[in-house]
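J.: Pasting in a structure now, in structure tokens, and then I'll have a few things to ask.
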Amino acid sequence: MAGAPAASMHGPSAPPANMFDTVPGYEGTVAGGGGGYLPPPMPSVPMPVPEQAPNPPVWHIPSISEDRARQAFSTYVSSKCCYSSAPVREGTMHLAQPPAFFQEHKQTIKVPYTSSVKNCHLCLGMGRNPCTKCAGAGNKVCQMCNGSGYRHSNDRCTHCNGRGRENCSSCSGSGSCQCDTCRGKGKLLVFINLNVKWSIEKDEFVAQDSSGLRVKKLEEVSGKELYKDAQYMVYPVRGFPDASVAQASERLVRDHQGKYAQTSRILQQRQTIELIPITKVNYMWKGKPNVYYVYGNEFKVNADDYPATCCCSVM
């Protein structure tokens with residue numbers, strides 16, 4: 001790691017490996033990162049013992065009325081410029097009953113007692129590099145006379161005084177420019193950076209229902225929180241009416257321990273069960289059966305095969 005790098009005309013250059021001293025306890029650390037992975041230390045005090053598995057709550061599956069379903073449907077159709085409101089007014093509904101059933105952060109820390117001062121590897125400690133505009137010559141072909149020294153037949157070029165060359169504006173004629181890497185100091189402060197990342201590792205399970213609504217649609221809405229448990233280690237849920245949810249809870253708790261306990265330090269786990277209500281509405285319009293869905297606390301509507309649409313365009 002080099003202090004405050006800036007854009008260099010010479011392009012990026014990785015410091016040589018022998019530029020960095022070996023710091024005890026940090027063997028294998030690679031310049032620029034990519035080596036020396038260190039798992040988080042174990043806690044200095046014993047972690048709290050997980051609480052006993054909580055008693056299963058009383059589950060209650062809500063439903064919505066036909067009037068609420070029709071109101072949501074009407075709002076949805078009103079938002080569509082090409083949808084006729086006739087199916088909303090004239091359709092007769094048959095409701096299908098539903099089946100019984102934490103902040104991320106990153107921090108970079110300069111590790112104490114790992115710093116040392118080294119010659120800049122790019123300018124070899126000189127603080128300057130050859131100018132790339134004039135190849136270190138300090139001058140270049142005069143732009144006014146194209147190097148001939150004359151303009152308009154035998155008139156001497158006043159821009160270069162007949163020399164045919166002019167001082168390089170980039171290096172002011174010196175042939176070298178300040179090294180961008182060390183900012184002309186010729187030295188670099190070398191040290192080890194510790195990158196710490198707090199992340200949220202999240203897995204989800206969606207219990208399959210028989211409504212036919214695409215599962216991806218559920219990402220658009222919220223539901224009712226039926227269960228929430230947060231502690232150092234959570235227990236699998238017991239006694240949930242849908243056996244697949246209980247099985248998924250046991251599998252996710254087990255998988256999280258296996259995937260993250262060896263390479264990171266688990267600070268807290270949280271387990272929630274959210275119920276997103278889905279109402280499948282079957283209705284008849286002009287003698288043909290149709291279906292739409294009302295889902296989530298927001299009462300969003302999905303009606304992919306709406307029966308009364310028209311073509312419209314905006315010019």
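Residues are named by chain letter and number: chains run A, B, ... in the order of the structure tokens, numbers start at 1 in each chain, and ligands are numbered from 1 in the order shown.
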Would you pick out the contacts of range 68-81 of chain A at 8 Å or less, using only C-alpha atoms, so that residues sharing its chain but fewer than 4 positions from it are not included, and give the list as a PyMOL selection string?
T.: chain A and resi 64+85+88+279+281+294+299-301
J.: Please, could you write that set of residues out with N, CA and C atoms as a compact mmCIF listing (two decimals), in the first residue's frame?
T.:
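Result file result-v4.txt:
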# COMPACT_ATOMS: atom_id res chain seq x y z
N ILE A 64 -58.82 -11.33 2.97
CA ILE A 64 -59.48 -10.07 2.69
C ILE A 64 -60.88 -10.35 2.14
N SER A 85 -62.97 -0.54 -17.60
CA SER A 85 -63.42 -0.83 -16.23
C SER A 85 -64.60 -1.80 -16.20
N VAL A 88 -64.39 -4.92 -13.99
CA VAL A 88 -64.46 -4.63 -12.56
C VAL A 88 -65.91 -4.47 -12.12
N THR A 279 -54.46 -13.29 -2.46
CA THR A 279 -55.84 -13.62 -2.75
C THR A 279 -56.01 -13.82 -4.25
N VAL A 281 -58.46 -14.20 -7.20
CA VAL A 281 -59.85 -13.86 -7.48
C VAL A 281 -60.24 -14.42 -8.85
N VAL A 294 -54.58 -10.31 -5.69
CA VAL A 294 -54.34 -9.18 -4.78
C VAL A 294 -53.37 -9.69 -3.72
N PHE A 299 -51.87 -4.28 -1.04
CA PHE A 299 -52.98 -4.70 -1.91
C PHE A 299 -52.63 -4.48 -3.39
N LYS A 300 -51.45 -4.90 -3.77
CA LYS A 300 -51.07 -4.80 -5.18
C LYS A 300 -51.84 -5.84 -5.99
N VAL A 301 -52.05 -5.51 -7.26
CA VAL A 301 -52.82 -6.38 -8.13
C VAL A 301 -51.95 -6.86 -9.27
J.: From a DSSP calculation on the backbone, collect every residue of range 86-260 of chain A in strand (DSSP E) and output the set as a ChimeraX atom specification.
T.: /A:92-95,105-110,116-119,128-130,139-141,150-151,155-156,165-167,176-178,187-190,193-198,224-231
J.: Rounded to one decimal, what separation in Å do you get between CA of Asp203 in chain A and CA of Thr108 in chain A?
T.: 27.2 Å
J.: How many Å separate CA of Lys228 in chain A from CA of Lys216 in chain A?
T.: 22.9 Å
J.: Of the candidates A:Phe205, A:Tyr150, A:Phe20, A:Tyr283, which shows the shortest atom-to-atom distance to Thr114 in chain A, using only C-alpha atoms?
T.: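 Going through A:Phe205, A:Tyr150, A:Phe20, A:Tyr283 one by one, the smallest distance to Thr114 in chain A is for A:Phe20.
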J.: Can you build me a table of range 158-206 of chain A residues sitting at most 12 Å from range 269-276 of chain A, with the closest atom pair per residue and its distance in Å to one decimal, using only C-alpha atoms, sorted by chain and residue number, as a tab-separated table?
T.:
residue	atom	partner	partner_atom	distance
A:Ser199	CA	A:Gln269	CA	11.9
A:Ile200	CA	A:Gln269	CA	9.5
A:Glu201	CA	A:Gln269	CA	9.5
A:Lys202	CA	A:Arg270	CA	9.6
A:Asp203	CA	A:Gln271	CA	10.0
A:Glu204	CA	A:Thr272	CA	9.8
A:Phe205	CA	A:Ile273	CA	9.5
A:Val206	CA	A:Glu274	CA	9.7
J.: Name all residues at most 9 Å from Arg165 in chain A (count only C-alpha atoms; drop same-chain ones fewer than 5 positions away) and give them as number ranges by chain.
T.: A: 139-143, 145-149, 160
J.: Could you write out that same residue set with C-alpha atoms as a tab-separated table (two decimals), in the first residue's frame?
T.:
chain	number	residue	atom	x	y	z
A	139	ASN	CA	12.43	20.24	-26.10
A	140	LYS	CA	10.46	19.17	-29.12
A	141	VAL	CA	9.88	20.14	-32.73
A	142	CYS	CA	8.57	23.68	-33.11
A	143	GLN	CA	4.91	23.62	-33.93
A	145	CYS	CA	7.76	25.93	-38.43
A	146	ASN	CA	7.66	22.15	-38.14
A	147	GLY	CA	11.38	22.10	-37.21
A	148	SER	CA	12.71	23.98	-40.25
A	149	GLY	CA	13.51	27.19	-38.38
A	160	CYS	CA	11.80	29.17	-31.85
J.: Have a look at A:Pro112, A:Pro236, A:Gly212, A:Gly125 and name the one nearest to Thr181 in chain A; count only C-alpha atoms.
T.: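 Smallest distance to Thr181 in chain A is found for A:Gly125.
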J.: Could you write out, as JSON, numbers by chain, all the residues of range 166-223 of chain A that DSSP marks as helix (DSSP H, G or I)?
T.: {"A": [215, 216, 217, 218, 219, 220]}
J.: Take the residues just selected and output them with C-alpha atoms as an mmCIF file, in the first residue's frame.
T.:
data_model
loop_
_atom_site.group_PDB
_atom_site.id
_atom_site.type_symbol
_atom_site.label_atom_id
_atom_site.label_comp_id
_atom_site.auth_asym_id
_atom_site.auth_seq_id
_atom_site.Cartn_x
_atom_site.Cartn_y
_atom_site.Cartn_z
ATOM 1 C CA VAL A 215 -42.849 -15.804 -6.476
ATOM 2 C CA LYS A 216 -40.783 -12.851 -7.796
ATOM 3 C CA LYS A 217 -43.850 -10.660 -7.411
ATOM 4 C CA LEU A 218 -43.616 -11.042 -3.628
ATOM 5 C CA GLU A 219 -40.414 -8.961 -3.607
ATOM 6 C CA GLU A 220 -42.547 -5.915 -4.408
#
J.: What is the CA of Gly223 in chain A-CA of Tyr292 in chain A distance in Å, reported with one decimal?
T.: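 Distance reported for this atom pair: 18.8 Å.
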J.: Could you give me, as a ChimeraX atom specification, the residues within 10 Å of Ser84 in chain A, counting only C-alpha atoms and dropping anything in the same chain fewer than 5 positions from it?
T.: /A:77-78,89,306-310
J.: Using only C-alpha atoms, please write the residues we just selected to a file, as a short mmCIF file (atom, residue, chain, number, x, y, z; two decimals), in the first residue's frame.
T.:
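Output below, filename part.cif:
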data_model
loop_
_atom_site.label_atom_id
_atom_site.label_comp_id
_atom_site.auth_asym_id
_atom_site.auth_seq_id
_atom_site.Cartn_x
_atom_site.Cartn_y
_atom_site.Cartn_z
CA VAL A 77 -57.45 -0.91 -13.61
CA SER A 78 -57.77 2.87 -13.18
CA ARG A 89 -68.10 -3.50 -12.58
CA TYR A 306 -56.74 -8.67 -18.38
CA PRO A 307 -59.65 -9.29 -20.76
CA ALA A 308 -60.42 -5.73 -21.94
CA THR A 309 -57.44 -3.81 -23.29
CA CYS A 310 -56.88 -1.55 -26.28
#
